[in-house]
Amino acid sequence: MSDATTVAGVTDVDVAILGCGTTGLVLARLLAMEGLRVAVIDAQRIPRPFPRATHLDDETMRTFQTLGLGHLEERFSLAGMYRFYDPQWRSVMEFAFNKGVTDQGWQSDYMFHQPDFEAVLRGHAHAHPGTSHFFGWNAIELTTPGEGSHLRVEERSTGRQHMVTAAFLIGADGANSFVRGAMDCAQTDYEATHRSLIVDIVPFVRKENLSHRDSFIQAGIRNPLTFVAMAEPLLRFEQLLRPDDDTAEFESLQHVYDLLSPFLNPDEYRVLRADVYEWEAAVAERWSMGPLFLAGDAAHEMPPHLGQGMVSGIRDALNIAWKLGRVIRKESPRELLDTYDTERKPHMTEYVKLAAQLANEVEDMAPKGAEAGEEVPVTEREALRPRLGPGIRTDDAYAGTLSAQPALADGRRLDDVAGYRFAVLGTADCLAGLPARARESLESLNAATITADSEEARRWLETLDAAAVLIRPDRYLYGTATSAQQLDALVARLKTALTEGAR
């Protein structure tokens, strides 16, 4: 534990984060980049040795890029095809899981090893002088006297206690959130509760039917089976339980061996985990109360069928971190933080509803395979990119949508120039005509001004019918402009929204 801000058993920080999964650790790193004093608390002394999440997308890679962790891409694996089979192992449908490099500047989809990533971010938290860490500590009491929060924590190995006081406390502490419980916050249930046996293995041999990067679901059977090729060489098998299935029976070693027997002999792999996990599809009815906020699974839970659970928590972190920075530095009023709920909750709910629908369809699916000589239908999987809810954005057609990340003329990606801050990308003519007052406003907001000097950048602006775009730190569009005059008005509106209250 860092003792830089610890005095007589009390650590006082700007923001405390309870829960050090990917959401909490990404948030801690972003807040450190904002220059804030941070405390992170987690019951696990070291990262869990097995992955929970396995997938990340191109938007998430932009966040890793912002965190200075883009080099980890070399440790990730690409996915192949995703196939749906009927009970006789006949193909019903298939689609390409990975679609190559997208407008985000990265591959569309990756498989990664969560413990490695969490270890890297824990290392950053340990090394950062403004971050106090309590790894291996439980939260035992939370109060909110007046302004701020007081969190009493206890070290699991010794029983000693400590007080963490903070202006804001973020509960990134999972589905059974301690912070959500303290808020007495109800959840909206989207009725897709399912139990699945999750078996992760390290294979010792290469088998032809498992050596590729393809994944599949076999449905139409009593216990639908999903196979996922995770970050090499790890493999995951998921088996859906019916309501009357016994958890202990499915977790038994005999059942695990039987389940994998069509693919591998018992001496050909090591089991990393074999646990029944219950998936929920739920969204917290409110994401904040006074100095308390929820993020990640504490705010929203979903079945795994979209591969968007973990990455949605990272979106939460990216959305709230820059807002906390502005409020704590007194650059914006406290009301700016109200836009965290209004923007993220409707955005996230779209993912939860679709994941719930897919989970229920898999459970109920009774497909028929292609007849002899028929071609298997191949579908195109479009990325789900919901628009942010109302908040810090205008109402034009593209405001609140995810920005692209074109490469610039010197080869750098857009975010490498913008950093974690507001940015204007515009044509040379548009930026040249921007009045001095707008330039001064952008400077006061610490915003980057970037010329669209590459064909890729100019082409993206053309698809938006825009001469310039104003991009938020979380990579969503504040608004677009067709001229220097419109950009001037856009900048003025943003400054007002940030300094006088969100509009």
# chains A, B, ... in the order shown; residues from 1 in each chain; ligands from 1
$ select_by_dssp --residues "range 257-440 of chain A" --states "alpha helix (DSSP H)" --output "ChimeraX atom specification"
/A:257-260,309-328,338-364,414-418,428-432,436-440
$ select_by_dssp --residues "range 117-235 of chain A" --states "strand (DSSP E)" --output "PyMOL selection string"
chain A and resi 131-135+137-143+149-155+161-171+187-189+194-203+215-218+225-229+235
$ closest_residue --among "A:Ala448, A:Val362, A:Ala489, A:Leu78" --to "Trp106 in chain A" --atoms "only C-alpha atoms"
A:Leu78
$ residues_around --residues "Asp173 in chain A" --least-positions-apart "3" --cutoff "6 Å" --atoms "only C-alpha atoms" --output "PyMOL selection string"
chain A and resi 18-19+177+298
$ write_last_selection --atoms "C-alpha atoms" --output "PDB file, in the first residue's frame"
ATOM      1  CA  LEU A  18     -14.008  -0.188  -4.979  1.00  0.00           C
ATOM      2  CA  GLY A  19     -13.327  -3.128  -7.264  1.00  0.00           C
ATOM      3  CA  SER A 177     -21.979  -4.610  -5.520  1.00  0.00           C
ATOM      4  CA  ALA A 298     -22.353  -3.029 -10.547  1.00  0.00           C
TER       5      ALA A 298
END
$ closest_residue --among "A:Leu259, A:Ala436, A:Leu445, A:Leu31" --to "Leu318 in chain A" --atoms "only C-alpha atoms"
A:Leu31
$ closest_residue --among "A:Phe168, A:Phe216, A:Phe135, A:Phe250" --to "Leu25 in chain A" --atoms "only C-alpha atoms"
A:Phe135
$ closest_residue --among "A:Ala43, A:Asp184, A:Arg152, A:Tyr190" --to "Gly9 in chain A" --atoms "only C-alpha atoms"
A:Arg152
$ atom_distance --atom1 "CA of Ala167 in chain A" --atom2 "CA of Ile41 in chain A"
15.5 Å
$ closest_residue --among "A:Ala399, A:Ala248, A:Leu27, A:Ala32" --to "Arg475 in chain A" --atoms "only C-alpha atoms"
A:Ala399
$ atom_distance --atom1 "CA of Gly159 in chain A" --atom2 "CA of Arg48 in chain A"
21.3 Å
$ closest_residue --among "A:Glu285, A:Glu455, A:Asp103, A:Glu191" --to "Arg62 in chain A" --atoms "only C-alpha atoms"
A:Asp103
$ closest_atom_pairs --of "range 232-279 of chain A" --to "range 109-112 of chain A" --cutoff "12 Å" --atoms "only C-alpha atoms" --output "tab-separated table"
residue	atom	partner	partner_atom	distance
A:Glu232	CA	A:Met111	CA	8.3
A:Pro233	CA	A:Phe112	CA	10.7
A:Leu234	CA	A:Phe112	CA	9.8
A:Leu235	CA	A:Met111	CA	10.7
A:Arg236	CA	A:Met111	CA	11.5
$ write_last_selection --atoms "N, CA and C atoms" --output "short mmCIF file (atom, residue, chain, number, x, y, z; two decimals), in the first residue's frame"
data_model
loop_
_atom_site.label_atom_id
_atom_site.label_comp_id
_atom_site.auth_asym_id
_atom_site.auth_seq_id
_atom_site.Cartn_x
_atom_site.Cartn_y
_atom_site.Cartn_z
N GLU A 232 -4.78 -17.52 -27.31
CA GLU A 232 -4.03 -18.77 -27.45
C GLU A 232 -3.10 -19.01 -26.25
N PRO A 233 -3.05 -20.27 -25.77
CA PRO A 233 -3.68 -21.48 -26.30
C PRO A 233 -4.97 -21.87 -25.58
N LEU A 234 -5.57 -20.95 -24.80
CA LEU A 234 -6.68 -21.30 -23.92
C LEU A 234 -7.96 -21.55 -24.70
N LEU A 235 -8.78 -22.47 -24.18
CA LEU A 235 -10.06 -22.82 -24.77
C LEU A 235 -11.14 -22.76 -23.70
N ARG A 236 -12.34 -22.38 -24.10
CA ARG A 236 -13.47 -22.33 -23.16
C ARG A 236 -14.65 -23.12 -23.73
#
$ decode --residues "range 412-424 of chain A" --atoms "C-alpha atoms" --output "mmCIF file, in the first residue's frame"
data_model
loop_
_atom_site.group_PDB
_atom_site.id
_atom_site.type_symbol
_atom_site.label_atom_id
_atom_site.label_comp_id
_atom_site.auth_asym_id
_atom_site.auth_seq_id
_atom_site.Cartn_x
_atom_site.Cartn_y
_atom_site.Cartn_z
ATOM 1 C CA ARG A 412 -0.105 8.689 -36.364
ATOM 2 C CA ARG A 413 -3.602 7.703 -35.335
ATOM 3 C CA LEU A 414 -5.990 10.471 -34.369
ATOM 4 C CA ASP A 415 -6.092 9.576 -30.658
ATOM 5 C CA ASP A 416 -2.299 9.681 -30.385
ATOM 6 C CA VAL A 417 -2.494 13.375 -31.209
ATOM 7 C CA ALA A 418 -5.714 14.157 -29.347
ATOM 8 C CA GLY A 419 -4.897 12.411 -26.078
ATOM 9 C CA TYR A 420 -7.605 12.028 -23.428
ATOM 10 C CA ARG A 421 -9.182 15.439 -24.046
ATOM 11 C CA PHE A 422 -11.521 17.278 -26.382
ATOM 12 C CA ALA A 423 -10.356 17.558 -29.967
ATOM 13 C CA VAL A 424 -11.384 19.336 -33.149
#
